[in-house]
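Okay, work_15.txt is below, compact mmCIF, N, CA and C atoms:
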# COMPACT_ATOMS: atom_id res chain seq x y z
N MET R 1068 55.46 -18.60 -194.30
CA MET R 1068 56.84 -18.54 -194.73
C MET R 1068 57.24 -19.80 -195.49
N LYS R 1069 56.74 -20.97 -195.04
CA LYS R 1069 57.08 -22.22 -195.71
C LYS R 1069 56.56 -22.23 -197.15
N ILE R 1070 55.37 -21.70 -197.36
CA ILE R 1070 54.83 -21.66 -198.72
C ILE R 1070 55.68 -20.77 -199.61
N PHE R 1071 56.17 -19.64 -199.07
CA PHE R 1071 57.03 -18.76 -199.83
C PHE R 1071 58.32 -19.48 -200.23
N ASN R 1072 58.93 -20.18 -199.31
CA ASN R 1072 60.15 -20.94 -199.61
C ASN R 1072 59.87 -21.99 -200.67
N TYR R 1073 58.75 -22.68 -200.57
CA TYR R 1073 58.39 -23.70 -201.55
C TYR R 1073 58.24 -23.09 -202.94
N ILE R 1074 57.54 -21.96 -203.03
CA ILE R 1074 57.33 -21.29 -204.32
C ILE R 1074 58.67 -20.80 -204.88
N TYR R 1075 59.51 -20.24 -204.03
CA TYR R 1075 60.82 -19.76 -204.46
C TYR R 1075 61.67 -20.91 -205.01
N ILE R 1076 61.73 -22.01 -204.29
CA ILE R 1076 62.53 -23.16 -204.73
C ILE R 1076 61.97 -23.73 -206.03
N LEU R 1077 60.67 -23.84 -206.13
CA LEU R 1077 60.05 -24.34 -207.36
C LEU R 1077 60.34 -23.42 -208.54
N THR R 1078 60.24 -22.11 -208.34
CA THR R 1078 60.51 -21.15 -209.41
C THR R 1078 61.96 -21.23 -209.86
N MET R 1079 62.88 -21.27 -208.93
CA MET R 1079 64.30 -21.35 -209.27
C MET R 1079 64.62 -22.65 -209.99
N THR R 1080 64.02 -23.74 -209.56
CA THR R 1080 64.24 -25.03 -210.22
C THR R 1080 63.75 -24.97 -211.66
N LEU R 1081 62.57 -24.41 -211.88
CA LEU R 1081 62.04 -24.31 -213.24
C LEU R 1081 62.91 -23.42 -214.11
N LEU R 1082 63.41 -22.33 -213.55
CA LEU R 1082 64.28 -21.46 -214.32
C LEU R 1082 65.57 -22.17 -214.71
N CYS R 1083 66.14 -22.91 -213.79
CA CYS R 1083 67.39 -23.62 -214.08
C CYS R 1083 67.19 -24.73 -215.09
N VAL R 1084 66.05 -25.41 -215.01
CA VAL R 1084 65.77 -26.49 -215.95
C VAL R 1084 65.56 -25.93 -217.35
N SER R 1085 64.92 -24.78 -217.46
CA SER R 1085 64.63 -24.22 -218.77
C SER R 1085 65.87 -23.62 -219.43
N CYS R 1086 66.90 -23.30 -218.66
CA CYS R 1086 68.14 -22.77 -219.21
C CYS R 1086 68.99 -23.94 -219.69
N SER R 1087 69.39 -23.88 -220.92
CA SER R 1087 70.19 -24.95 -221.48
C SER R 1087 71.43 -24.39 -222.14
N LYS R 1088 72.53 -25.05 -221.96
CA LYS R 1088 73.76 -24.63 -222.61
C LYS R 1088 73.94 -25.33 -223.95
N GLU R 1089 72.93 -26.04 -224.37
CA GLU R 1089 73.01 -26.77 -225.63
C GLU R 1089 72.69 -25.83 -226.79
N ASP R 1090 73.52 -25.88 -227.83
CA ASP R 1090 73.31 -25.05 -229.01
C ASP R 1090 72.13 -25.56 -229.82
N ASP R 1091 71.42 -24.64 -230.45
CA ASP R 1091 70.38 -24.98 -231.41
C ASP R 1091 71.08 -25.19 -232.75
N LEU R 1092 71.31 -26.44 -233.10
CA LEU R 1092 72.08 -26.77 -234.30
C LEU R 1092 71.43 -26.27 -235.58
N ASN R 1093 70.11 -26.31 -235.64
CA ASN R 1093 69.43 -25.81 -236.83
C ASN R 1093 69.68 -24.32 -237.01
N GLU R 1094 69.61 -23.56 -235.92
CA GLU R 1094 69.86 -22.13 -236.01
C GLU R 1094 71.31 -21.83 -236.39
N LEU R 1095 72.24 -22.61 -235.85
CA LEU R 1095 73.65 -22.36 -236.13
C LEU R 1095 74.06 -22.69 -237.56
N PHE R 1096 73.65 -23.85 -238.04
CA PHE R 1096 74.20 -24.37 -239.28
C PHE R 1096 73.29 -24.21 -240.50
N ILE R 1097 72.03 -24.48 -240.36
CA ILE R 1097 71.15 -24.66 -241.52
C ILE R 1097 70.61 -23.34 -242.04
N GLY R 1098 70.54 -23.26 -243.37
CA GLY R 1098 69.96 -22.10 -244.02
C GLY R 1098 70.93 -20.98 -244.31
N LYS R 1099 72.20 -21.24 -244.14
CA LYS R 1099 73.22 -20.22 -244.41
C LYS R 1099 74.24 -20.76 -245.40
N LYS R 1100 74.82 -19.86 -246.14
CA LYS R 1100 75.97 -20.20 -246.96
C LYS R 1100 77.17 -19.75 -246.16
N TRP R 1101 77.88 -20.70 -245.54
CA TRP R 1101 79.04 -20.40 -244.72
C TRP R 1101 80.23 -20.18 -245.63
N LEU R 1102 80.80 -18.97 -245.59
CA LEU R 1102 81.91 -18.58 -246.45
C LEU R 1102 83.22 -18.65 -245.67
N MET R 1103 84.21 -19.33 -246.23
CA MET R 1103 85.49 -19.44 -245.54
C MET R 1103 86.17 -18.08 -245.48
N THR R 1104 86.63 -17.72 -244.28
CA THR R 1104 87.32 -16.44 -244.09
C THR R 1104 88.77 -16.64 -243.68
N GLY R 1105 89.15 -17.85 -243.35
CA GLY R 1105 90.52 -18.12 -242.95
C GLY R 1105 90.71 -19.57 -242.56
N ALA R 1106 91.97 -19.95 -242.43
CA ALA R 1106 92.29 -21.32 -242.04
C ALA R 1106 93.64 -21.33 -241.33
N THR R 1107 93.80 -22.29 -240.47
CA THR R 1107 95.09 -22.54 -239.84
C THR R 1107 95.43 -23.99 -240.11
N ILE R 1108 96.58 -24.21 -240.76
CA ILE R 1108 97.01 -25.55 -241.16
C ILE R 1108 98.35 -25.83 -240.49
N ASN R 1109 98.40 -26.88 -239.69
CA ASN R 1109 99.60 -27.23 -238.93
C ASN R 1109 100.15 -26.04 -238.14
N GLY R 1110 99.24 -25.25 -237.58
CA GLY R 1110 99.65 -24.10 -236.78
C GLY R 1110 99.97 -22.85 -237.57
N ASN R 1111 99.99 -22.93 -238.89
CA ASN R 1111 100.30 -21.78 -239.75
C ASN R 1111 99.01 -21.12 -240.22
N VAL R 1112 98.87 -19.84 -239.93
CA VAL R 1112 97.68 -19.09 -240.33
C VAL R 1112 97.75 -18.85 -241.84
N MET R 1113 96.66 -19.17 -242.52
CA MET R 1113 96.62 -19.09 -243.99
C MET R 1113 95.71 -17.97 -244.48
N ASN R 1114 95.54 -16.91 -243.72
CA ASN R 1114 94.61 -15.85 -244.10
C ASN R 1114 94.97 -15.16 -245.41
N SER R 1115 96.26 -14.93 -245.67
CA SER R 1115 96.63 -14.24 -246.92
C SER R 1115 96.32 -15.12 -248.13
N GLU R 1116 96.47 -16.45 -247.99
CA GLU R 1116 96.13 -17.35 -249.09
C GLU R 1116 94.65 -17.28 -249.42
N VAL R 1117 93.83 -17.23 -248.37
CA VAL R 1117 92.39 -17.14 -248.56
C VAL R 1117 92.02 -15.79 -249.16
N LYS R 1118 92.60 -14.72 -248.63
CA LYS R 1118 92.33 -13.37 -249.14
C LYS R 1118 92.71 -13.27 -250.62
N ASN R 1119 93.86 -13.80 -251.01
CA ASN R 1119 94.29 -13.76 -252.41
C ASN R 1119 93.32 -14.50 -253.32
N LEU R 1120 92.78 -15.63 -252.85
CA LEU R 1120 91.81 -16.37 -253.65
C LEU R 1120 90.56 -15.53 -253.89
N TYR R 1121 90.06 -14.87 -252.86
CA TYR R 1121 88.86 -14.07 -253.01
C TYR R 1121 89.11 -12.84 -253.88
N GLN R 1122 90.27 -12.22 -253.75
CA GLN R 1122 90.58 -11.05 -254.56
C GLN R 1122 90.74 -11.41 -256.03
N SER R 1123 91.06 -12.68 -256.31
CA SER R 1123 91.19 -13.10 -257.71
C SER R 1123 89.83 -13.32 -258.36
N GLY R 1124 88.76 -13.15 -257.58
CA GLY R 1124 87.41 -13.27 -258.15
C GLY R 1124 86.79 -14.64 -257.99
N THR R 1125 87.45 -15.55 -257.32
CA THR R 1125 86.88 -16.88 -257.15
C THR R 1125 85.67 -16.84 -256.23
N SER R 1126 84.72 -17.70 -256.50
CA SER R 1126 83.53 -17.78 -255.65
C SER R 1126 83.58 -19.05 -254.81
N ALA R 1127 84.74 -19.56 -254.62
CA ALA R 1127 84.93 -20.84 -253.94
C ALA R 1127 84.96 -20.69 -252.42
N TYR R 1128 85.17 -21.82 -251.80
CA TYR R 1128 85.36 -21.93 -250.35
C TYR R 1128 84.13 -21.56 -249.55
N PHE R 1129 83.11 -22.37 -249.71
CA PHE R 1129 81.91 -22.23 -248.92
C PHE R 1129 81.36 -23.60 -248.60
N ILE R 1130 80.45 -23.65 -247.63
CA ILE R 1130 79.80 -24.90 -247.26
C ILE R 1130 78.37 -24.56 -246.84
N ASN R 1131 77.43 -25.40 -247.27
CA ASN R 1131 76.01 -25.27 -246.91
C ASN R 1131 75.61 -26.53 -246.15
N PHE R 1132 74.84 -26.35 -245.08
CA PHE R 1132 74.35 -27.48 -244.30
C PHE R 1132 72.85 -27.60 -244.46
N ALA R 1133 72.38 -28.82 -244.71
CA ALA R 1133 70.96 -29.16 -244.65
C ALA R 1133 70.77 -29.97 -243.37
N THR R 1134 69.60 -30.55 -243.16
CA THR R 1134 69.30 -31.24 -241.92
C THR R 1134 70.36 -32.27 -241.53
N SER R 1135 70.78 -33.11 -242.44
CA SER R 1135 71.82 -34.10 -242.11
C SER R 1135 72.88 -34.22 -243.20
N SER R 1136 72.79 -33.40 -244.22
CA SER R 1136 73.75 -33.44 -245.31
C SER R 1136 74.39 -32.07 -245.51
N PHE R 1137 75.47 -32.05 -246.29
CA PHE R 1137 76.14 -30.79 -246.59
C PHE R 1137 76.71 -30.86 -247.99
N ASN R 1138 76.98 -29.70 -248.55
CA ASN R 1138 77.71 -29.61 -249.81
C ASN R 1138 78.52 -28.33 -249.77
N GLY R 1139 79.57 -28.32 -250.54
CA GLY R 1139 80.41 -27.14 -250.56
C GLY R 1139 81.38 -27.16 -251.72
N THR R 1140 82.13 -26.09 -251.81
CA THR R 1140 83.13 -25.96 -252.86
C THR R 1140 84.43 -25.51 -252.21
N LEU R 1141 85.50 -26.22 -252.51
CA LEU R 1141 86.82 -25.83 -252.02
C LEU R 1141 87.45 -24.84 -252.96
N SER R 1142 87.55 -25.16 -254.23
CA SER R 1142 88.03 -24.20 -255.22
C SER R 1142 87.24 -24.46 -256.49
N GLU R 1143 87.43 -23.62 -257.46
CA GLU R 1143 86.66 -23.77 -258.71
C GLU R 1143 86.80 -25.20 -259.22
N GLY R 1144 85.68 -25.88 -259.30
CA GLY R 1144 85.68 -27.24 -259.83
C GLY R 1144 85.88 -28.34 -258.80
N THR R 1145 86.13 -28.01 -257.55
CA THR R 1145 86.29 -29.03 -256.51
C THR R 1145 85.11 -28.95 -255.57
N ASN R 1146 84.18 -29.87 -255.74
CA ASN R 1146 82.97 -29.90 -254.93
C ASN R 1146 83.04 -31.07 -253.95
N ILE R 1147 82.49 -30.85 -252.77
CA ILE R 1147 82.41 -31.91 -251.77
C ILE R 1147 80.98 -32.00 -251.27
N SER R 1148 80.58 -33.18 -250.84
CA SER R 1148 79.27 -33.36 -250.22
C SER R 1148 79.32 -34.57 -249.32
N GLY R 1149 78.33 -34.68 -248.47
CA GLY R 1149 78.27 -35.81 -247.56
C GLY R 1149 77.26 -35.56 -246.46
N ASN R 1150 77.50 -36.21 -245.32
CA ASN R 1150 76.61 -36.13 -244.17
C ASN R 1150 77.35 -35.52 -242.99
N TRP R 1151 76.59 -34.94 -242.08
CA TRP R 1151 77.19 -34.35 -240.89
C TRP R 1151 76.31 -34.63 -239.69
N SER R 1152 76.94 -34.58 -238.54
CA SER R 1152 76.21 -34.66 -237.28
C SER R 1152 76.96 -33.84 -236.25
N ALA R 1153 76.24 -33.35 -235.27
CA ALA R 1153 76.85 -32.55 -234.22
C ALA R 1153 76.11 -32.76 -232.92
N ASP R 1154 76.79 -32.51 -231.84
CA ASP R 1154 76.22 -32.56 -230.50
C ASP R 1154 76.28 -31.14 -229.95
N GLY R 1155 75.12 -30.51 -229.80
CA GLY R 1155 75.05 -29.12 -229.37
C GLY R 1155 75.49 -28.89 -227.95
N GLU R 1156 75.48 -29.91 -227.13
CA GLU R 1156 75.93 -29.75 -225.74
C GLU R 1156 77.44 -29.87 -225.64
N LYS R 1157 78.01 -30.86 -226.31
CA LYS R 1157 79.47 -31.07 -226.27
C LYS R 1157 80.22 -30.24 -227.30
N LYS R 1158 79.47 -29.64 -228.25
CA LYS R 1158 80.04 -28.89 -229.37
C LYS R 1158 80.99 -29.75 -230.21
N SER R 1159 80.62 -31.04 -230.29
CA SER R 1159 81.39 -31.95 -231.13
C SER R 1159 80.71 -32.06 -232.48
N MET R 1160 81.50 -32.46 -233.49
CA MET R 1160 80.96 -32.52 -234.85
C MET R 1160 81.75 -33.52 -235.67
N THR R 1161 81.06 -34.16 -236.60
CA THR R 1161 81.72 -35.02 -237.57
C THR R 1161 81.15 -34.75 -238.95
N LEU R 1162 82.01 -34.82 -239.95
CA LEU R 1162 81.60 -34.74 -241.34
C LEU R 1162 82.01 -36.03 -242.01
N SER R 1163 81.11 -36.61 -242.75
CA SER R 1163 81.42 -37.80 -243.53
C SER R 1163 81.33 -37.40 -245.00
N ILE R 1164 82.48 -37.20 -245.62
CA ILE R 1164 82.50 -36.77 -247.02
C ILE R 1164 82.29 -37.99 -247.89
N THR R 1165 81.20 -37.97 -248.66
CA THR R 1165 80.86 -39.12 -249.50
C THR R 1165 81.17 -38.89 -250.96
N GLN R 1166 81.38 -37.63 -251.35
CA GLN R 1166 81.66 -37.37 -252.75
C GLN R 1166 82.59 -36.17 -252.89
N THR R 1167 83.55 -36.31 -253.77
CA THR R 1167 84.45 -35.22 -254.13
C THR R 1167 84.60 -35.25 -255.64
N SER R 1168 84.50 -34.09 -256.26
CA SER R 1168 84.70 -34.05 -257.71
C SER R 1168 85.51 -32.82 -258.08
N GLY R 1169 86.24 -32.93 -259.17
CA GLY R 1169 87.03 -31.81 -259.67
C GLY R 1169 88.49 -31.93 -259.29
N ASN R 1170 89.26 -30.99 -259.77
CA ASN R 1170 90.69 -30.94 -259.46
C ASN R 1170 90.87 -30.48 -258.02
N ILE R 1171 91.91 -30.98 -257.40
CA ILE R 1171 92.15 -30.61 -256.01
C ILE R 1171 93.59 -30.12 -255.85
N SER R 1172 93.73 -28.88 -255.41
CA SER R 1172 95.05 -28.27 -255.23
C SER R 1172 95.67 -28.74 -253.91
N VAL R 1173 96.91 -28.38 -253.68
CA VAL R 1173 97.58 -28.73 -252.41
C VAL R 1173 96.85 -28.05 -251.25
N PHE R 1174 96.49 -26.78 -251.42
CA PHE R 1174 95.75 -26.06 -250.39
C PHE R 1174 94.42 -26.75 -250.11
N ASP R 1175 93.71 -27.15 -251.19
CA ASP R 1175 92.44 -27.85 -251.03
C ASP R 1175 92.62 -29.18 -250.30
N LYS R 1176 93.71 -29.90 -250.59
CA LYS R 1176 93.96 -31.18 -249.91
C LYS R 1176 94.08 -30.97 -248.41
N ASN R 1177 94.75 -29.90 -248.01
CA ASN R 1177 94.87 -29.59 -246.59
C ASN R 1177 93.50 -29.28 -245.97
N LEU R 1178 92.70 -28.49 -246.66
CA LEU R 1178 91.36 -28.18 -246.16
C LEU R 1178 90.49 -29.43 -246.11
N TYR R 1179 90.59 -30.26 -247.13
CA TYR R 1179 89.84 -31.52 -247.19
C TYR R 1179 90.19 -32.39 -245.99
N THR R 1180 91.47 -32.49 -245.67
CA THR R 1180 91.92 -33.30 -244.53
C THR R 1180 91.32 -32.77 -243.23
N ILE R 1181 91.30 -31.46 -243.07
CA ILE R 1181 90.71 -30.87 -241.87
C ILE R 1181 89.22 -31.20 -241.81
N LEU R 1182 88.50 -30.98 -242.91
CA LEU R 1182 87.06 -31.25 -242.92
C LEU R 1182 86.77 -32.72 -242.64
N LYS R 1183 87.57 -33.59 -243.21
CA LYS R 1183 87.37 -35.03 -243.02
C LYS R 1183 87.59 -35.44 -241.57
N ASN R 1184 88.39 -34.68 -240.84
CA ASN R 1184 88.76 -35.03 -239.47
C ASN R 1184 88.21 -34.06 -238.42
N ILE R 1185 87.14 -33.35 -238.75
CA ILE R 1185 86.53 -32.40 -237.82
C ILE R 1185 86.14 -33.12 -236.53
N LYS R 1186 86.48 -32.50 -235.41
CA LYS R 1186 86.13 -33.05 -234.10
C LYS R 1186 85.13 -32.16 -233.35
N LYS R 1187 85.24 -30.83 -233.56
CA LYS R 1187 84.35 -29.93 -232.83
C LYS R 1187 84.13 -28.64 -233.60
N TYR R 1188 83.18 -27.89 -233.14
CA TYR R 1188 82.88 -26.59 -233.72
C TYR R 1188 82.83 -25.55 -232.61
N GLU R 1189 83.04 -24.31 -232.99
CA GLU R 1189 82.87 -23.16 -232.09
C GLU R 1189 82.18 -22.08 -232.88
N GLY R 1190 81.42 -21.25 -232.22
CA GLY R 1190 80.85 -20.11 -232.92
C GLY R 1190 79.41 -19.85 -232.59
N ASP R 1191 78.80 -19.02 -233.45
CA ASP R 1191 77.41 -18.62 -233.29
C ASP R 1191 76.78 -18.55 -234.67
N SER R 1192 75.67 -17.85 -234.80
CA SER R 1192 74.98 -17.82 -236.09
C SER R 1192 75.66 -16.93 -237.13
N ASN R 1193 76.77 -16.25 -236.77
CA ASN R 1193 77.49 -15.40 -237.71
C ASN R 1193 78.90 -15.89 -238.02
N ILE R 1194 79.57 -16.47 -237.05
CA ILE R 1194 80.96 -16.94 -237.20
C ILE R 1194 81.02 -18.40 -236.77
N MET R 1195 81.71 -19.22 -237.55
CA MET R 1195 81.83 -20.64 -237.22
C MET R 1195 83.28 -21.08 -237.42
N ILE R 1196 83.79 -21.85 -236.49
CA ILE R 1196 85.12 -22.44 -236.62
C ILE R 1196 84.95 -23.95 -236.54
N LEU R 1197 85.37 -24.64 -237.59
CA LEU R 1197 85.34 -26.10 -237.62
C LEU R 1197 86.75 -26.58 -237.34
N LYS R 1198 86.92 -27.35 -236.25
CA LYS R 1198 88.25 -27.68 -235.75
C LYS R 1198 88.54 -29.18 -235.82
N GLN R 1199 89.67 -29.48 -236.41
CA GLN R 1199 90.24 -30.82 -236.30
C GLN R 1199 90.95 -30.91 -234.95
N ASP R 1200 91.73 -29.88 -234.66
CA ASP R 1200 92.45 -29.73 -233.40
C ASP R 1200 92.87 -28.27 -233.30
N ASP R 1201 93.66 -27.92 -232.29
CA ASP R 1201 94.03 -26.52 -232.10
C ASP R 1201 94.96 -25.98 -233.19
N ASP R 1202 95.61 -26.85 -233.95
CA ASP R 1202 96.53 -26.43 -235.02
C ASP R 1202 95.92 -26.50 -236.41
N ASN R 1203 94.73 -27.08 -236.54
CA ASN R 1203 94.11 -27.28 -237.85
C ASN R 1203 92.62 -26.98 -237.76
N TYR R 1204 92.24 -25.84 -238.33
CA TYR R 1204 90.84 -25.47 -238.32
C TYR R 1204 90.54 -24.48 -239.45
N ILE R 1205 89.25 -24.35 -239.74
CA ILE R 1205 88.79 -23.45 -240.80
C ILE R 1205 87.76 -22.51 -240.20
N ARG R 1206 87.91 -21.22 -240.48
CA ARG R 1206 86.96 -20.22 -240.02
C ARG R 1206 85.99 -19.88 -241.15
N PHE R 1207 84.73 -19.75 -240.79
CA PHE R 1207 83.67 -19.39 -241.74
C PHE R 1207 82.88 -18.23 -241.19
N SER R 1208 82.24 -17.51 -242.09
CA SER R 1208 81.34 -16.44 -241.71
C SER R 1208 80.06 -16.55 -242.53
N ALA R 1209 78.95 -16.14 -241.95
CA ALA R 1209 77.69 -16.14 -242.68
C ALA R 1209 77.66 -14.96 -243.67
N ASN R 1210 78.56 -14.01 -243.48
CA ASN R 1210 78.67 -12.84 -244.37
C ASN R 1210 80.13 -12.61 -244.72
N ARG R 1211 80.39 -12.07 -245.87
CA ARG R 1211 81.76 -11.73 -246.24
C ARG R 1211 81.91 -10.24 -246.26
Show me this structure written as structure tokens.
Amino acid sequence: MKIFNYIYILTMTLLCVSCSKEDDLNELFIGKKWLMTGATINGNVMNSEVKNLYQSGTSAYFINFATSSFNGTLSEGTNISGNWSADGEKKSMTLSITQTSGNISVFDKNLYTILKNIKKYEGDSNIMILKQDDDNYIRFSANR
């Protein structure tokens, strides 16, 4: 009976150790073109603004992540790039924007501020929310 208890405890310990709540950051972020599907700015949902931009034929509002860098487009002619880091266990994230080029609209300035001040992320390999706080965040999808 003692050997059975020992094997049971050892098996359960190994199972618990192998289970991790830490996100696989490469699977979540890298290799996808994350397309913006909505935003909340100062608590105001901006979905109709985003929908109108897409219906006008613009190909803007996306972000791509590489191993430690990113690039994206806010609106036609406004490109951003820089470095990023994240903690898969705490779901925290930072973006360091090192370059911006092109004209920047008022809407883009709000999105830029959110991206510059990202604190955490939520989501999976299909939907991603980059959050400055509960009132300021941007939603992305791997598909539109």
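Neighbouring residues of Asn1184 of chain R at 7 Å or closer, counting all atoms listed in the file and skipping chain neighbours under 4 positions away, are Thr1161, Leu1162, Tyr1179, Thr1180, Lys1198, Gln1199 and Asp1200 of chain R.
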**Request:** Please identify all polymer residues within 6 Å of Ile1097 of chain R, counting only C-alpha atoms, omitting same-chain residues fewer than 3 positions from it, and present them as a list in words.
**Result:** Asn1093, Phe1132 and Ala1133 of chain R
**Request:** Just the residues within 9 Å of Gln1166 of chain R, please, counting only C-alpha atoms, with nothing from its chain fewer than 6 positions along; format it as number ranges by chain.
**Result:** R: 1146-1149
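Residue nearest Asn1131 of chain R within the list R:Asp1202, R:Phe1207, R:Asp1090, R:Val1117: R:Phe1207 [criterion: smallest interatomic distance, only C-alpha atoms].
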**Asked** Which protein, DNA or RNA residues have an atom at most 8 Å from (86.7, -20.0, -246.6), counting all atoms listed in the file? List them as a PyMOL selection string.
**Response** chain R and resi 1101-1106+1117+1127-1130+1141+1205-1208
**Prompt:** Which residue, R:Thr1167, R:Thr1145, R:Ser1135, R:Ser1159, has the smallest gap to Glu1189 of chain R when you use only C-alpha atoms?
**Reply:** R:Ser1159
**Message:** I'd like to know which residues of segment 1086-1199 of chain R are strand (DSSP E or B) (by DSSP, run on the backbone); could you write them as a PyMOL selection string?
**Reply:** chain R and resi 1097+1100-1108+1111-1112+1129-1132+1136-1142+1145-1154+1159-1168+1187-1190+1194-1199
